[in-house]
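To be precise, the following lines are structure-v9.txt, and they hold compact mmCIF, C-alpha atoms and all ligand atoms.
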# COMPACT_ATOMS: atom_id res chain seq x y z
CA MET X 180 36.53 -14.43 55.15
CA ALA X 181 39.03 -11.81 54.04
CA PHE X 182 40.97 -11.90 50.77
CA LEU X 183 43.98 -13.65 52.30
CA ASP X 184 43.60 -15.38 55.67
CA VAL X 185 46.50 -16.68 57.73
CA THR X 186 45.03 -18.70 60.59
CA ASN X 187 47.03 -19.91 63.60
CA ALA X 188 50.11 -20.54 61.44
CA THR X 189 53.10 -22.01 63.25
CA LYS X 190 56.43 -22.97 61.69
CA LYS X 191 59.04 -24.88 63.65
CA PHE X 192 62.57 -25.57 62.44
CA GLY X 193 63.57 -28.44 64.72
CA GLY X 194 62.96 -27.09 68.20
CA PHE X 195 63.01 -23.43 67.07
CA ILE X 196 59.64 -21.72 66.59
CA ALA X 197 60.15 -19.22 63.73
CA ILE X 198 56.43 -18.40 63.35
CA ASN X 199 54.30 -18.77 66.44
CA ASP X 200 50.51 -19.06 66.09
CA VAL X 201 50.21 -16.16 63.66
CA SER X 202 46.77 -15.05 62.50
CA PHE X 203 46.05 -12.04 60.33
CA SER X 204 44.05 -11.10 57.27
CA VAL X 205 44.78 -9.06 54.19
CA GLU X 206 41.80 -7.20 52.74
CA LYS X 207 41.22 -7.04 48.99
CA GLY X 208 42.94 -3.98 47.52
CA ALA X 209 45.07 -3.37 50.62
CA ARG X 210 48.75 -2.49 50.56
CA HIS X 211 49.69 -4.48 53.63
CA ALA X 212 53.20 -4.27 55.08
CA ILE X 213 54.78 -6.83 57.40
CA ILE X 214 57.53 -5.17 59.40
CA GLY X 215 59.79 -6.37 62.18
CA PRO X 216 63.42 -6.51 63.26
CA ASN X 217 65.97 -8.83 61.62
CA GLY X 218 65.12 -12.45 62.26
CA ALA X 219 61.53 -11.66 63.29
CA GLY X 220 60.23 -14.23 60.79
CA LYS X 221 59.10 -12.08 57.84
CA THR X 222 60.70 -14.19 55.12
CA THR X 223 59.55 -17.40 56.77
CA LEU X 224 56.00 -16.04 56.83
CA PHE X 225 56.26 -15.14 53.12
CA ASN X 226 57.61 -18.61 52.35
CA LEU X 227 54.62 -20.13 54.15
CA ILE X 228 52.12 -17.94 52.34
CA SER X 229 53.62 -18.59 48.89
CA GLY X 230 53.84 -22.35 49.48
CA LEU X 231 57.65 -22.68 49.49
CA ILE X 232 57.44 -24.29 52.92
CA LEU X 233 54.56 -25.95 54.75
CA PRO X 234 53.29 -24.68 58.08
CA THR X 235 53.83 -27.07 60.99
CA THR X 236 50.26 -26.26 62.01
CA GLY X 237 47.65 -23.75 60.88
CA SER X 238 46.36 -22.74 57.48
CA ILE X 239 46.55 -20.11 54.78
CA ALA X 240 43.69 -19.38 52.38
CA LEU X 241 43.26 -17.08 49.39
CA GLU X 242 39.62 -16.16 48.75
CA GLY X 243 38.64 -19.11 50.93
CA GLN X 244 40.79 -21.57 48.98
CA ARG X 245 43.25 -23.36 51.23
CA LEU X 246 46.82 -22.95 49.97
CA SER X 247 48.64 -25.11 52.47
CA ARG X 248 48.60 -28.23 50.32
CA MET X 249 49.16 -26.57 46.95
CA LYS X 250 52.48 -26.50 45.10
CA PRO X 251 54.06 -23.06 44.54
CA HIS X 252 53.19 -23.08 40.79
CA GLU X 253 49.56 -23.93 41.61
CA ILE X 254 49.50 -20.99 44.00
CA VAL X 255 50.79 -18.74 41.19
CA ARG X 256 48.00 -20.01 38.91
CA ILE X 257 45.28 -19.10 41.38
CA GLY X 258 46.55 -15.55 41.51
CA MET X 259 49.51 -15.08 43.84
CA ALA X 260 52.91 -13.92 42.60
CA ARG X 261 55.98 -13.04 44.63
CA SER X 262 59.44 -11.57 44.39
CA PHE X 263 62.41 -12.43 46.57
CA GLN X 264 64.87 -10.39 48.64
CA LYS X 265 67.67 -11.41 46.28
CA VAL X 266 67.21 -10.61 42.61
CA ASN X 267 65.83 -13.67 40.85
CA VAL X 268 66.04 -13.27 37.07
CA PHE X 269 67.87 -15.21 34.35
CA PRO X 270 71.02 -13.06 33.98
CA ARG X 271 72.01 -14.26 30.48
CA LYS X 272 68.57 -13.82 29.00
CA THR X 273 67.42 -10.43 27.80
CA ALA X 274 64.78 -8.49 29.69
CA PHE X 275 62.37 -9.40 26.86
CA GLU X 276 63.18 -13.12 27.15
CA ASN X 277 62.81 -13.11 30.94
CA VAL X 278 59.23 -11.87 30.63
CA GLN X 279 58.59 -14.20 27.69
CA VAL X 280 59.65 -17.26 29.71
CA ALA X 281 57.28 -16.19 32.49
CA LEU X 282 54.38 -15.77 30.07
CA ILE X 283 55.07 -19.12 28.41
CA ALA X 284 55.16 -20.82 31.81
CA ASN X 285 51.99 -19.11 32.97
CA ARG X 286 50.10 -19.97 29.80
CA LYS X 287 51.25 -23.59 30.20
CA LEU X 288 52.91 -23.66 26.76
CA GLN X 289 55.79 -26.04 26.18
CA PHE X 290 58.97 -24.01 26.05
CA ASN X 291 61.21 -25.27 23.28
CA PRO X 292 64.18 -22.95 22.82
CA PHE X 293 64.75 -24.24 19.26
CA HIS X 294 61.21 -23.77 18.04
CA ALA X 295 59.95 -20.92 20.20
CA ALA X 296 59.00 -18.03 17.95
CA ALA X 297 61.23 -15.15 18.96
CA GLY X 298 58.31 -12.76 18.84
CA LEU X 299 55.86 -14.89 20.84
CA PHE X 300 53.75 -12.59 23.08
CA GLY X 301 55.83 -9.67 21.73
CA ASP X 302 53.22 -6.92 22.24
CA GLU X 303 52.29 -8.14 25.69
CA ILE X 304 55.94 -8.38 26.74
CA MET X 305 56.67 -4.84 25.55
CA GLN X 306 53.59 -3.54 27.37
CA LEU X 307 54.78 -5.16 30.60
CA LEU X 308 58.32 -3.85 30.14
CA GLU X 309 57.02 -0.38 29.42
CA GLN X 310 54.84 -0.51 32.51
CA VAL X 311 57.91 -1.14 34.66
CA ARG X 312 59.83 1.52 32.69
CA LEU X 313 62.13 -0.94 30.92
CA GLY X 314 60.81 -0.41 27.39
CA GLY X 315 64.21 0.87 26.27
CA ASP X 316 66.07 -2.05 27.85
CA SER X 317 64.14 -4.95 26.34
CA GLY X 318 67.14 -6.25 24.36
CA ARG X 319 69.67 -5.99 27.18
CA ARG X 320 70.76 -9.01 29.18
CA ALA X 321 69.20 -8.99 32.65
CA GLY X 322 72.58 -9.52 34.30
CA GLU X 323 73.88 -6.30 32.74
CA LEU X 324 71.07 -4.13 34.10
CA ALA X 325 71.60 -1.98 37.21
CA HIS X 326 70.25 -3.49 40.43
CA GLY X 327 67.19 -1.21 40.46
CA LYS X 328 66.33 -2.20 36.90
CA GLN X 329 66.71 -5.90 37.72
CA LYS X 330 64.12 -5.41 40.46
CA GLN X 331 61.84 -3.67 37.93
CA LEU X 332 62.30 -6.66 35.64
CA GLU X 333 61.35 -9.01 38.48
CA LEU X 334 58.21 -6.98 38.89
CA ALA X 335 57.38 -7.44 35.19
CA VAL X 336 57.99 -11.20 35.55
CA ALA X 337 55.65 -11.29 38.56
CA LEU X 338 53.01 -9.25 36.67
CA ALA X 339 53.18 -11.72 33.76
CA ALA X 340 51.27 -14.12 36.03
CA GLU X 341 48.41 -11.59 36.18
CA PRO X 342 48.32 -11.86 39.97
CA LYS X 343 45.42 -10.83 42.19
CA ILE X 344 47.89 -10.53 45.05
CA LEU X 345 51.56 -9.67 44.85
CA LEU X 346 54.07 -10.52 47.60
CA LEU X 347 57.20 -8.38 47.56
CA ASP X 348 60.01 -9.29 49.96
CA GLU X 349 61.95 -6.07 50.59
CA PRO X 350 61.29 -4.53 47.18
CA THR X 351 63.80 -1.71 47.67
CA ALA X 352 66.63 -3.74 49.30
CA GLY X 353 70.04 -2.64 48.03
CA MET X 354 68.68 0.32 46.07
CA SER X 355 70.06 3.84 46.03
CA ILE X 356 67.81 6.60 47.38
CA ALA X 357 66.89 7.66 43.85
CA GLU X 358 66.08 4.08 42.85
CA THR X 359 64.05 3.63 46.02
CA LEU X 360 61.95 6.72 45.38
CA SER X 361 61.17 5.78 41.80
CA SER X 362 60.52 2.18 42.79
CA ILE X 363 57.96 3.23 45.43
CA ALA X 364 56.09 5.34 42.88
CA LEU X 365 56.18 2.50 40.36
CA ILE X 366 54.87 -0.14 42.76
CA ARG X 367 52.10 2.14 44.01
CA ASP X 368 51.00 3.06 40.48
CA ILE X 369 51.02 -0.51 39.22
CA VAL X 370 49.05 -2.07 42.06
CA GLN X 371 46.54 0.77 41.88
CA GLN X 372 46.12 0.62 38.09
CA ARG X 373 45.81 -3.16 38.04
CA GLY X 374 43.73 -3.46 41.21
CA ILE X 375 46.31 -5.79 42.76
CA THR X 376 46.39 -6.47 46.50
CA LEU X 377 49.91 -5.99 47.85
CA LEU X 378 51.62 -7.75 50.76
CA PHE X 379 55.19 -6.64 51.35
CA THR X 380 58.04 -6.69 53.85
CA GLU X 381 60.41 -3.78 54.14
CA HIS X 382 63.14 -2.54 56.44
CA ASP X 383 63.02 1.07 55.29
CA MET X 384 60.32 2.77 57.35
CA ASN X 385 60.04 5.64 54.86
CA VAL X 386 59.09 3.12 52.18
CA VAL X 387 56.63 1.42 54.53
CA PHE X 388 54.83 4.65 55.40
CA GLU X 389 54.81 5.79 51.74
CA ILE X 390 53.17 2.63 50.46
CA ALA X 391 51.28 0.79 53.21
CA SER X 392 47.58 1.13 53.90
CA THR X 393 47.85 -1.43 56.73
CA ILE X 394 50.84 -2.56 58.78
CA SER X 395 51.41 -5.73 60.83
CA VAL X 396 54.38 -5.93 63.17
CA LEU X 397 56.13 -9.25 63.65
CA HIS X 398 58.37 -9.80 66.68
CA HIS X 399 59.98 -13.13 67.58
CA GLY X 400 57.60 -14.90 65.21
CA GLU X 401 54.44 -13.32 66.66
CA ILE X 402 52.23 -10.53 65.34
CA ILE X 403 52.25 -7.89 68.07
CA ALA X 404 50.18 -5.23 66.28
CA THR X 405 48.12 -4.70 63.14
CA GLY X 406 46.50 -1.45 62.13
CA LEU X 407 46.55 1.71 60.08
CA PRO X 408 50.02 3.25 59.70
CA HIS X 409 49.35 6.05 62.20
CA GLU X 410 47.97 3.58 64.75
CA VAL X 411 50.98 1.29 64.44
CA ARG X 412 53.38 4.22 64.65
CA ALA X 413 51.74 5.32 67.90
CA ASN X 414 51.55 1.82 69.42
CA ASP X 415 53.59 1.67 72.67
CA ASP X 416 54.75 -1.94 72.17
CA VAL X 417 55.88 -1.18 68.63
CA GLN X 418 57.77 1.91 69.72
CA ARG X 419 59.48 0.01 72.52
CA ILE X 420 60.27 -3.21 70.69
CA TYR X 421 60.65 -2.20 67.10
CA LEU X 422 61.61 1.44 67.01
CA GLY X 423 63.89 0.97 70.04
CA ARG X 424 62.26 3.60 72.26
CA GLU X 425 62.16 2.63 75.90
N1 LIG X 501 65.41 -23.22 57.23
C1 LIG X 501 65.63 -22.76 58.47
N2 LIG X 501 66.15 -23.54 59.43
C2 LIG X 501 66.35 -23.08 60.68
N3 LIG X 501 66.08 -21.82 61.09
C3 LIG X 501 65.58 -20.99 60.17
C4 LIG X 501 65.33 -21.39 58.81
N4 LIG X 501 64.82 -20.32 58.14
C5 LIG X 501 64.78 -19.31 59.02
N5 LIG X 501 65.21 -19.70 60.24
C6 LIG X 501 65.30 -18.88 61.45
O1 LIG X 501 64.02 -18.31 61.65
C7 LIG X 501 64.13 -16.97 62.14
C8 LIG X 501 63.36 -16.04 61.24
O2 LIG X 501 64.09 -15.90 60.00
P1 LIG X 501 63.51 -15.02 58.80
O3 LIG X 501 64.52 -15.08 57.71
O4 LIG X 501 62.13 -15.44 58.50
O5 LIG X 501 63.50 -13.57 59.46
P2 LIG X 501 63.29 -12.16 58.77
O6 LIG X 501 62.35 -11.40 59.63
O7 LIG X 501 62.91 -12.35 57.34
O8 LIG X 501 64.75 -11.56 58.87
P3 LIG X 501 65.49 -10.50 57.90
O9 LIG X 501 64.79 -9.21 58.14
O10 LIG X 501 66.88 -10.52 58.43
O11 LIG X 501 65.36 -11.01 56.50
C9 LIG X 501 65.62 -16.66 62.21
O12 LIG X 501 66.04 -16.86 63.55
C10 LIG X 501 66.24 -17.67 61.29
O13 LIG X 501 67.56 -18.01 61.70

Can the structure from this file be put into structure tokens for me?
Amino acid sequence: MAFLDVTNATKKFGGFIAINDVSFSVEKGARHAIIGPNGAGKTTLFNLISGLILPTTGSIALEGQRLSRMKPHEIVRIGMARSFQKVNVFPRKTAFENVQVALIANRKLQFNPFHAAAGLFGDEIMQLLEQVRLGGDSGRRAGELAHGKQKQLELAVALAAEPKILLLDEPTAGMSIAETLSSIALIRDIVQQRGITLLFTEHDMNVVFEIASTISVLHHGEIIATGLPHEVRANDDVQRIYLGRE
């Protein structure tokens, strides 16, 4: 048993097989990247792992606990948090309030906007915002933050769940080069400091090779290679299919 085990997972949409008998494991503490061309099935695989959709067949387990029948919020409670390709924050709430809502939800408190103490979890929220370098933006509305900062806020929201494993779907999508560089450093520091296992998808190969300790390559819904970054880079199939070298 590894930390996260995906075993013979298949997902069909009607007659179309988006994920085809995929098996792979993520080791505790790994920074595991899933790469593959557009439409390879990366987001579908993430949706299966985080419980947004059910596999047609096969199973997914975190520390031996089968996730396939759990609801997404139950999966968060047992230690898995994720972010999405598109920014997913409450735009009219401040950065502070976005993290506060996440903490309230994760601690199972009733959220009553009329009675909620404005300062509830204040220290913890500021610590999380400072960790993602948003300490100075706590009072700004999320929708007014630059794209890179909105992604940092999403990270703080995900961290509010105190995850053991974090799933990031294209964490640097839409970022400028400067934002991408600082985001890579931030993600690496945070997962290392907090001992979080990371599973991520990414188009930008520079980002992949900067962060990943292990890489799996998805092609037409199948895993065609898994290994250390230098092994995957040298793999003939990967070079031919993914990097476009015949
Ligand atoms: N709900 C759905 N119904 C039908 N087909 C779907 C559905 N979701 C995804 N697909 C199809 O499954 C395939 C894999 O899509 P997916 O979004 O998982 O790929 P991806 O690797 O994440 O692509 P990208 O890199 O472009 O985000 C695509 O052909 C897509 O059209």

Grab me every residue within 9 Å of ligand LIG 501 (chain X), counting only C-alpha atoms and all ligand atoms, and send it over as a PyMOL selection string.
-> chain X and resi 190-193+195-198+214-226+264+348-349+380-382+397-400

Counting all atoms listed in the file, figure out which residue out of X:Leu324, X:Ala260, X:Ile366, X:Met180 gets nearest to X:Pro342.
->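 Of X:Leu324, X:Ala260, X:Ile366, X:Met180, the one nearest X:Pro342, counting all atoms listed in the file, is X:Ala260.
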
Between atom CA of X:Lys272 and atom CA of X:Arg286, what is the spacing in Å?
-> 19.5 Å

Up to 8 Å from (60.4, -10.0, 22.6) in the file's coordinates: name the residues, counting all atoms listed in the file, as a list in words.
->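 Answer for this query, in the requested form: Phe275, Glu276, Gln279, Ala297, Gly298, Leu299, Phe300, Gly301, Asp302, Ile304, Met305, Ser317 and Gly318 of chain X.
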
Using all atoms listed in the file, which of the listed residues (X:Glu358, X:Glu410, X:Glu341, X:Glu242) sits closest to X:Glu303?
->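 With all atoms listed in the file as the atom set, the closest residue is X:Glu341.
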